[in-house]
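Data block below; observations after.
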Amino acid sequence: MSVYKPKNSPYFHFDFVWKGRRFHGSTGCKSKRAAVAHEEIERAKARNGGNLHPPITLDEACGLYQDKVEEQPSWVDTERMMKALIAGLGGMHLLSEITQRDLLALVAKRRAGRVNSSVNREIEVWRAVWRWASKARYDVGDMPDWGALMLKVNRTDPRELSASEEVALFGEIRKDLFDFCQFALKTGWRLSEVIGLRWTDLDMANASAVTRIKGGDFVKRPLTQEMVIIIANQPRVDLIPNVFTYVAVRTKPRLTDKLGRIHPVRLKGHRYPMTEGVLAKPWKAAKLAAGVENFRFHDLRHTRGTRILRATGNLVAAKEALKHRSIKTTLRYAHASDDDIRQALDASESRTIPEARPIHARKA
């Protein structure tokens with residue numbers, strides 16, 4: 001044991017070896033708990049060549065990062081990913097003791113039943129936790145090689161909902177979720193932005209809304225007449241600030257899920273704020289019934305972006321409508337369908353150049 005209390009001394013002492021060098025002395029602490037904490041600092045100093053960077057556990061590092069991002073719209077997903085990280089590695093492990101091999105093993109576990117892009121999003125959250133702890137001057141040891149952890153993702157054009165698929169899909173969507181899905185398609189907003197829309201965010205007189213987007217910024221967004229009509233048709237529910245709600249199909253007791261989230265009582269026939277979890281099963285059922293394959297809810301946003309570019313050819317307008325930070329992201333929606341290419345080929349055929357004739361048909 002590296003922390004002990006010598007005879008005739010009121011203070012605990014530490015004694016450990018790091019890379020063949022012995023470190024020992026008094027902690028100046030009378031309680032063992034404080035002495036252990038002091039010894040961890042001494043270990044951190046030894047690992048960092050004498051520089052003082054206090055140790056931090058994975059659980060503490062996640063809590064530190066939570067303070068930074070908890071108010072962002074993506075917090076629900078970030079929290080879920082951090083809890084999976086803690087469950088996979090152990091919250092009491094020091095960041096400085098977690099190795100590249102530990103992280104590689106966790107990546108292998110997280111791949112089960114998930115696409116590579118989903119795992120990569122989790123890795124991005126892990127990286128943010130480490131980097132934020134490092135910026136706060138905690139001892140994180142050797143920074144992991146995050147690039148080496150990332151999995152290969154085949155780049156594909158954003159999935160666009162065809163006109164016939166739209167008719168079929170929306171014909172199968174549950175009645176109380178129909179307006180929510182329509183609004184998501186017509187606006188191109190992210191799922192969290194539509195869920196988080198509140199009555200106080202709206203300026204109906206000027207047909208606009210203020211929303212919090214990815215990254216935490218607040219932006220003002222114009223509303224079309226169709227969007228205004230959808231909002232105006234939503235029932236206002238006492239004590240619920242959200243615009244979009246759903247009708248509970250069954251009564252559920254209060255419960256705490258595996259991630260520690262508390263779900264309040266739900267009464268059949270009553271309206272409650274829309275959540276991502278409420279949408280999951282009805283959305284999947286609607287796609288199955290409509291025969292629409294390989295289409296996520298987020299692809300409604302892709303569909304709107306593609307349609308804006310096809311109708312206007314204006315990249316800047318599409319960028320602002322979707323609130324992309326970079327025009328490079330908007331360029332993903334500038335892909336061409338077979339019909340686009342066919343029309344371009346037809347339009348590019350010149351009628352002024354005479355048609356060439358075979359050699360054998362020419363006059364001698």
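Residues are referred to by chain and number: the chain letter is A, B, ... according to the order shown in the structure tokens, the number counts from 1 in that chain, and ligands are numbered separately from 1 in the order shown.
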
Subject >> Residues within 9 Å of range 77-79 of chain A, only C-alpha atoms, excluding chain neighbours under 3 positions, as a ChimeraX atom specification >> reply: /A:62,66,69-70,73-74,82-84,122,125,259

Go ahead and save the picked residues with C-alpha atoms, as a PDB file, in the first residue's frame.
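Here's the written file selection-v3.pdb:
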ATOM      1  CA  CYS A  62     -17.834  13.347 -18.215  1.00  0.00           C
ATOM      2  CA  GLN A  66     -21.603  17.958 -19.147  1.00  0.00           C
ATOM      3  CA  VAL A  69     -22.738  21.058 -23.292  1.00  0.00           C
ATOM      4  CA  GLU A  70     -25.793  20.263 -21.169  1.00  0.00           C
ATOM      5  CA  PRO A  73     -30.086  20.507 -28.218  1.00  0.00           C
ATOM      6  CA  SER A  74     -27.943  17.412 -28.755  1.00  0.00           C
ATOM      7  CA  MET A  82     -21.216   9.259 -22.219  1.00  0.00           C
ATOM      8  CA  LYS A  83     -23.147   6.772 -20.086  1.00  0.00           C
ATOM      9  CA  ALA A  84     -22.261   4.020 -22.538  1.00  0.00           C
ATOM     10  CA  GLU A 122     -19.753   8.136 -30.066  1.00  0.00           C
ATOM     11  CA  VAL A 125     -18.013  12.503 -27.906  1.00  0.00           C
ATOM     12  CA  LEU A 259     -29.760   5.291 -18.692  1.00  0.00           C
TER      13      LEU A 259
END

**OP:** Skip Arg301 in chain A itself and residues of its chain fewer than 2 positions away, then list as a PyMOL selection string all residues within 7 Å of it, counting only C-alpha atoms.
**Re:** chain A and resi 185+188-190+298-299+303-305

Original post:
Neighbours of Lys5 in chain A within 9 Å (only C-alpha atoms; same-chain residues fewer than 5 positions away dropped), as a PyMOL selection string?
Top reply: chain A and resi 10-14+30+32

Original post:
Which of these residues is nearest to Lys220 in chain A, using only C-alpha atoms: A:Lys281, A:Lys323, A:Lys152, A:Lys328?
Top reply: A:Lys323

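Nearest residue to Gln225 in chain A among A:Leu64, A:Met204, A:Met81, A:Val237 is A:Met204, counting only C-alpha atoms.
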
**OP:** Using only C-alpha atoms, find the one residue out of A:Leu223, A:Leu94, A:Ile230, A:Ala209 that sits nearest to Ile56 in chain A.
**Re:**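 Smallest separation from Ile56 in chain A among the options: A:Leu94.
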